[in-house]
Each structure stands twice: as C-alpha cells, then as structure tokens.
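Trainee: Dropping the structure in here first, questions after.
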Amino acid sequence: MLSFDEKELEFAQKYPFSPAAKSIVKNSGFSLEEVPRSVLARARSMVASAYARHDYSPKIREAKELLVDEVLAFPVSKILVSAIDSFELNRKFASMVSSSVFRNLEGEKDDALFGLASDLGVKFSLPDSGFFAELGVADYLRPELNEPFLKLVNARLENGKVLMRRNDFTRFLAAVARQQILDSLPVPLENVPESFREAADAVKNEFMQSERKKFSRTDFGRVAPEFFPPCMAKIYSDLMAGANVNHSARFAFAAFLGSIGMGTEKIIEMYGLTPNFSEKVTRYQVERIAGKKGGGYSAPSCDKMRSYNLCVADCPVSHPVQFYSREYFKGKNPEKPAQGKAGA
C-alpha cells in the first residue's frame with residue numbers, strides 16, 4: 001500500500017468528494033476488478049446508512065489502512081447507489097454525505113472552510129461588514145437550498161451580494177456538496193463487474209424487507225383522508241368524482257388503504273363511483289391485495305409511484321405511508337377517532 005499523509009487521509013475521509021480524496025483513489029492503485037472486501041463492506045455500510053436515513057460518521061483515527069478503506073469506499077458506494085437505480089436513494093445518499101460535511105465543517109478552522117469552498121467551486125469574498133463571507137446571488141442559487149432560513153427570501157442582501165455568517169456559510173457549503181453529489185449520480189455502469197450489481201441487489205433486498213415490515217398492515221385507527229399524501233389524495237379525489245382511474249392507481253390506492261388499516265369492505269366501497277364498477281371483480285382484486293386470496297401486497301414506495309407516473313409532488317419522504325404516519329400523529333390525537341368520509 002502506498003504511503004499517504006495521515007492529515008491528508010483524515011481530510012479525504014471527511015470530504016470524500018474533494019480533490020484530495022480523488023487523488024488518493026487515483027494514486028492507490030485502486031481497481032474495480034479487485035476491490036478489497038473491507039472496502040466493499042464499508043461501501044455497503046454507507047449505502048445502508050443512506051437507505052435508513054442514518055448518519056454515517058465513523059470515527060476513524062487510529063489506522064491509516066482504515067482511513068484508506070473509507071476513502072476508497074466512497075466511489076464504490078456511488079457505484080452501488082447507481083446500480084440500485086433509485087431516485088429517492090440518490091437523494092438520501094447525497095443528503096447523508098451533506099449532513100456529515102456540515103458536522104465536520106463546524107469543527108474546522110476558517111482556512112479549511114475557505115479551502116473546501118474553493119474545491120467546490122464556490123465563488124466568495126470576505127466582506128468588511130462583520131459577516132463571514134459574501135456571494136453573488138447567482139452563485140448562491142446554485143444548489144437546492146432545502147432549509148428555510150437559507151432560502152434567498154430569508155437571506156441578507158446588499159448590493160447584489162448575499163451576506164452570510166459562519167454557520168450559514170457552513171450550511172451552504174454542505175448544500176453545494178449535496179448538489180454536486182446528486183448531480184454526479186448515477187455514475188456509468190458499463191464496465192462495472194457483476195459482483196457490484198450483486199452487492200447492490202443484496203443491500204436493496206435488505207432495505208426492502210425492512211420497509212415491507214415497517215409499511216405493511218399498519219393500523220393507525222380510523223382512516224383520515226385529510227392526512228393522505230398528495231399522490232393518494234389525488235387518486236381519492238378522482239375516485240370520489242367518478243373518474244376512470246387507471247389500474248396502477250387503483251392498485252396503489254387499495255394497497256395504501258390496507259396498509260393504513262382500512263378494512264376490505266370499506267376499500268371496496270371506495271371504488272363504487274368508478275365507471276363500470278363491478279362489486280364482484282373489485283372484491284376479488286381487493287382481497288388479493290389484502291392477502292385474503294393469496295399473495296398480499298404492501299403499499300408501493302415513492303419510487304414505485306414515480307415509475308407508475310402517479311407521483312404529483314416532491315414530498316420529503318420515501319413512502320406514502322410514512323407521509324400519512326407523520327401527518328396523522330402530528331395533526332391529531334391518535335386515540336381520538338378521526339372525522340372523515342373514508343372511515344375504517
């Protein structure tokens with residue numbers, strides 16, 4: 001193994017997208033055909049953490065070999081994410097790295113912040129007004145700014161410049177890192193060994209099994225339509241209006257209703273206003289979805305809803321039941337029966 005400076009390794013491990021990290025990968029003799037098991041294991045751990053919305057921030061300071069593994073694992077993890085081919089996972093992975101970047105930057109000296117800003121291509125200057133840094137409006141709007149206080153409408157503007165305090169600048173750099181990682185996904189997979197696809201499938205299967213347990217047959221009490229996610233709210237509205245909802249939407253809505261605790265009879269009633277409604281056919285299909293006639297299905301994820309062309313909003317969740325759960329318990333007492341047409 002080539003010898004690397006420990007401080008350089010630590011920096012690369014904290015900021016794996018940086019030129020320093022890329023240089024280490026290039027000079028390590030790293031080859032996709034011969035990825036060490038330890039590196040692949042770290043990469044799988046990164047992707048699993050992104051899937052589960054867990055922070056990935058290993059405290060590694062005692063061994064150069066482990067630091068090198070972490071640095072090499074980052075490009076491998078991007079290959080795994082790309083092989084899984086999930087828009088939602090891309091966003092989660094980028095957000096996970098961004099969160100780690102912000103935590104690490106909080107403990108850095110100012111010079112390190114300025115250096116990383118240059119690495120990220122951020123054009124900034126040092127103001128005389130007591131603020132930490134200033135950026136042109138066009139540069140400020142480069143990344144997707146998810147946090148409300150970073151929105152341009154809430155920023156301090158003077159003479160076409162956005163004035164930023166240190167914490168704002170740190171969060172902005174984390175947002176730029178997130179955007180760059182998101183824009184870099186998916187990576188090309190033409191020359192990727194089959195072992196990578198197998199590892200990606202294994203991580204995806206582990207996640208999907210946990211998701212099915214989490215979002216299957218969950219009973220929230222009486223179903224409350226006012227807490228439906230936008231996709232399900234639209235299908236619900238179309239059904240109530242007697243619209244001819246397509247098969248994918250009917251399946252997704254029935255599976256969603258079953259997953260939040262609605263009984264079979266009530267689900268069947270939901271389709272009563274559709275054109276050419278057949279109680280016999282609808283009952284058979286709903287009971288199949290519910291598992292009473294074999295099979296059984298949990299509600300489709302957000303990625304699956306996108307593949308059905310049924311996604312109508314950019315919700316901050318990965319599953320419609322997750323949205324419903326959040327809104328339900330945030331907006332009402334779960335012990336108090338909900339008032340709504342859908343019933344239980």
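Chain identifiers are assigned as A, B, and so on, following the order in which chains appear in the structure tokens; residues are numbered from 1 within each chain, and ligands are numbered from 1 in order of appearance.
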Just want the 9 Å neighbourhood of A:Asn90, counted on only C-alpha atoms, with same-chain residues fewer than 5 positions away dropped. Output as a PyMOL selection string.

Mentor: chain A and resi 50+78+81-82+85+95+181-182+185-186

Trainee: Would you export the selected residues with C-alpha atoms as an mmCIF file, in the first residue's frame, please?

Mentor:
data_model
loop_
_atom_site.group_PDB
_atom_site.id
_atom_site.type_symbol
_atom_site.label_atom_id
_atom_site.label_comp_id
_atom_site.auth_asym_id
_atom_site.auth_seq_id
_atom_site.Cartn_x
_atom_site.Cartn_y
_atom_site.Cartn_z
ATOM 1 C CA ALA A 50 -28.349 6.289 3.468
ATOM 2 C CA LYS A 78 -21.659 5.635 -5.594
ATOM 3 C CA VAL A 81 -26.217 3.502 -5.402
ATOM 4 C CA SER A 82 -26.227 3.842 -9.188
ATOM 5 C CA ASP A 85 -31.182 2.870 -9.592
ATOM 6 C CA SER A 95 -28.157 14.246 1.943
ATOM 7 C CA ILE A 181 -23.062 14.502 -5.403
ATOM 8 C CA LEU A 182 -26.690 14.343 -6.537
ATOM 9 C CA LEU A 185 -25.458 10.216 -9.866
ATOM 10 C CA PRO A 186 -25.915 7.803 -11.439
#

Trainee: So, with only C-alpha atoms as the atoms that count, which of A:Pro275, A:Lys330, A:Lys26, A:Lys234 lies closest to A:Ala313?

Mentor: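 With only C-alpha atoms as the atom set, the closest residue is A:Lys234.
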
Trainee: Select from stretch 136-286 of chain A everything DSSP, run on the backbone, classes as strand (DSSP E or B), then give the selection as a list in words.

Mentor: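 The strand (DSSP E or B) residues within stretch 136-286 of chain A come out as Gly136, Arg156, Leu157, Glu158, Lys161, Val162, Leu163, Met164 and Val223 of chain A.
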
Trainee: Could the residues in this selection be saved with N, CA and C atoms as a PDB file, in the first residue's frame?

Mentor:
ATOM      1  N   GLY A 136     -22.282  36.232  -4.717  1.00  0.00           N
ATOM      2  CA  GLY A 136     -23.227  36.779  -5.674  1.00  0.00           C
ATOM      3  C   GLY A 136     -24.500  35.961  -5.666  1.00  0.00           C
ATOM      4  N   ARG A 156     -29.687  37.833   3.808  1.00  0.00           N
ATOM      5  CA  ARG A 156     -29.320  39.254   3.905  1.00  0.00           C
ATOM      6  C   ARG A 156     -28.680  39.691   2.590  1.00  0.00           C
ATOM      7  N   LEU A 157     -29.315  40.608   1.884  1.00  0.00           N
ATOM      8  CA  LEU A 157     -28.841  41.062   0.579  1.00  0.00           C
ATOM      9  C   LEU A 157     -28.380  42.506   0.650  1.00  0.00           C
ATOM     10  N   GLU A 158     -27.211  42.773   0.062  1.00  0.00           N
ATOM     11  CA  GLU A 158     -26.708  44.139  -0.053  1.00  0.00           C
ATOM     12  C   GLU A 158     -25.927  44.263  -1.350  1.00  0.00           C
ATOM     13  N   LYS A 161     -25.246  41.165  -3.344  1.00  0.00           N
ATOM     14  CA  LYS A 161     -24.467  40.139  -2.664  1.00  0.00           C
ATOM     15  C   LYS A 161     -25.269  39.552  -1.504  1.00  0.00           C
ATOM     16  N   VAL A 162     -25.089  38.267  -1.268  1.00  0.00           N
ATOM     17  CA  VAL A 162     -25.692  37.612  -0.120  1.00  0.00           C
ATOM     18  C   VAL A 162     -24.660  37.567   0.999  1.00  0.00           C
ATOM     19  N   LEU A 163     -24.982  38.206   2.121  1.00  0.00           N
ATOM     20  CA  LEU A 163     -24.067  38.256   3.265  1.00  0.00           C
ATOM     21  C   LEU A 163     -24.368  37.078   4.195  1.00  0.00           C
ATOM     22  N   MET A 164     -23.321  36.365   4.576  1.00  0.00           N
ATOM     23  CA  MET A 164     -23.510  35.129   5.336  1.00  0.00           C
ATOM     24  C   MET A 164     -22.639  35.110   6.581  1.00  0.00           C
ATOM     25  N   VAL A 223     -59.270   5.685   9.542  1.00  0.00           N
ATOM     26  CA  VAL A 223     -58.543   6.314   8.443  1.00  0.00           C
ATOM     27  C   VAL A 223     -58.998   7.750   8.245  1.00  0.00           C
TER      28      VAL A 223
END

Trainee: Residues at most 6 Å from stretch 319-324 of chain A, counting only C-alpha atoms, excluding those fewer than 6 positions away in the same chain, as JSON, numbers by chain?

Mentor: {"A": [227, 228, 229, 301, 302]}

Trainee: I need the residues from that last selection saved to file as an mmCIF file, in the first residue's frame (with N, CA and C atoms), if you can.

Mentor:
data_model
loop_
_atom_site.group_PDB
_atom_site.id
_atom_site.type_symbol
_atom_site.label_atom_id
_atom_site.label_comp_id
_atom_site.auth_asym_id
_atom_site.auth_seq_id
_atom_site.Cartn_x
_atom_site.Cartn_y
_atom_site.Cartn_z
ATOM 1 N N PHE A 227 -55.091 13.416 5.870
ATOM 2 C CA PHE A 227 -53.662 13.208 6.069
ATOM 3 C C PHE A 227 -53.032 12.387 4.946
ATOM 4 N N PHE A 228 -53.806 12.113 3.879
ATOM 5 C CA PHE A 228 -53.250 11.378 2.749
ATOM 6 C C PHE A 228 -52.109 12.162 2.110
ATOM 7 N N PRO A 229 -51.081 11.481 1.599
ATOM 8 C CA PRO A 229 -50.044 12.160 0.818
ATOM 9 C C PRO A 229 -50.648 12.659 -0.492
ATOM 10 N N SER A 301 -43.845 2.063 -2.724
ATOM 11 C CA SER A 301 -42.982 3.146 -2.262
ATOM 12 C C SER A 301 -43.103 4.350 -3.194
ATOM 13 N N CYS A 302 -42.457 5.454 -2.804
ATOM 14 C CA CYS A 302 -42.461 6.646 -3.649
ATOM 15 C C CYS A 302 -41.775 6.371 -4.983
#

Trainee: Between A:Met262, A:Glu88, A:Arg178, A:Glu269, which one has atoms that come closest to A:Cys315, using only C-alpha atoms?

Mentor: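 Closest residue, counting only C-alpha atoms: A:Glu88.
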
Trainee: Pick out each residue of stretch 76-254 of chain A that DSSP on the backbone tags as helix (DSSP H, G or I); I need them as a PyMOL selection string.

Mentor: chain A and resi 76-84+87-106+110-119+137-140+148-150+152-154+166-183+194-214+225-227+230-240+247-254

Trainee: Leaving out A:Asp303 and any residue of its chain fewer than 2 positions from it, which residues lie within 7 Å of it when counting only C-alpha atoms, given as JSON, numbers by chain?

Mentor: {"A": [86, 87, 88, 301, 305, 306, 307]}

Trainee: Taking into account only C-alpha atoms, which residue in the set A:Val47, A:Cys231, A:Leu173, A:Leu126 is nearest to A:Asp139?

Mentor: A:Leu173

Trainee: Just the number, please: distance in Å from atom CA of A:Ala255 to atom CA of A:Pro300, one decimal.

Mentor: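 So the two atoms, atom CA of A:Ala255 and atom CA of A:Pro300, lie 7.4 Å apart.
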
Trainee: Using only C-alpha atoms, which residue out of A:Leu257, A:Met240, A:Ala52, A:Val71 lies closest to A:Ile24?

Mentor: A:Val71

Trainee: Determine, counting only C-alpha atoms, which protein, DNA and RNA residues have an atom within 8 Å of an atom of A:Phe74; residues of the same chain fewer than 5 positions away are not included. Present the result as a list in words.

Mentor: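 Using only C-alpha atoms, the neighbours found are Pro16, Ala43 and Met46 of chain A.
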
Trainee: Taking a cut-off of 9 Å and counting only C-alpha atoms, can you build a table that, for each residue of stretch 177-272 of chain A near stretch 141-155 of chain A, reports the nearest atom pair and how far apart they are in Å (one decimal), sorted by chain then residue number, as a Markdown table?

Mentor:
| residue | atom | partner | partner_atom | distance |
| --- | --- | --- | --- | --- |
| A:Ala177 | CA | A:Pro143 | CA | 8.5 |
| A:Arg178 | CA | A:Pro143 | CA | 7.9 |
| A:Gln179 | CA | A:Pro143 | CA | 5.5 |
| A:Gln180 | CA | A:Pro143 | CA | 8.1 |

Trainee: Keeping only N, CA and C atoms, take the residues you just selected and write them out as a PDB file, in the first residue's frame.

Mentor:
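Saved the output as result.pdb:
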ATOM      1  N   ALA A 177     -22.179  20.637  -1.620  1.00  0.00           N
ATOM      2  CA  ALA A 177     -21.674  19.262  -1.691  1.00  0.00           C
ATOM      3  C   ALA A 177     -22.801  18.298  -2.030  1.00  0.00           C
ATOM      4  N   ARG A 178     -23.943  18.488  -1.382  1.00  0.00           N
ATOM      5  CA  ARG A 178     -25.096  17.632  -1.658  1.00  0.00           C
ATOM      6  C   ARG A 178     -25.498  17.719  -3.126  1.00  0.00           C
ATOM      7  N   GLN A 179     -25.561  18.933  -3.662  1.00  0.00           N
ATOM      8  CA  GLN A 179     -25.991  19.119  -5.038  1.00  0.00           C
ATOM      9  C   GLN A 179     -25.002  18.482  -6.011  1.00  0.00           C
ATOM     10  N   GLN A 180     -23.716  18.647  -5.734  1.00  0.00           N
ATOM     11  CA  GLN A 180     -22.715  18.075  -6.631  1.00  0.00           C
ATOM     12  C   GLN A 180     -22.776  16.551  -6.638  1.00  0.00           C
TER      13      GLN A 180
END

Trainee: Please provide as a VMD selection string all residues within 10 Å of A:Leu120, with the sequence filter that same-chain residues fewer than 3 positions apart are discarded (counting only C-alpha atoms).

Mentor: chain A and resid 17 to 19 114 to 117 123 173 to 174 176 to 177 180

Trainee: Go ahead and write the residues just picked, C-alpha atoms, as a compact mmCIF listing (two decimals), in the first residue's frame.

Mentor:
# COMPACT_ATOMS: atom_id res chain seq x y z
CA PHE A 17 -15.66 14.15 -2.95
CA SER A 18 -12.71 16.55 -2.60
CA PRO A 19 -9.72 16.72 -4.98
CA PHE A 114 -12.38 28.59 2.56
CA GLY A 115 -10.28 25.79 1.08
CA LEU A 116 -13.26 23.44 0.74
CA ALA A 117 -15.31 26.28 -0.75
CA LYS A 123 -17.01 31.98 -5.64
CA LEU A 173 -21.13 24.51 1.57
CA ALA A 174 -22.86 21.34 2.77
CA VAL A 176 -23.31 22.61 -2.50
CA ALA A 177 -21.67 19.26 -1.69
CA GLN A 180 -22.71 18.08 -6.63
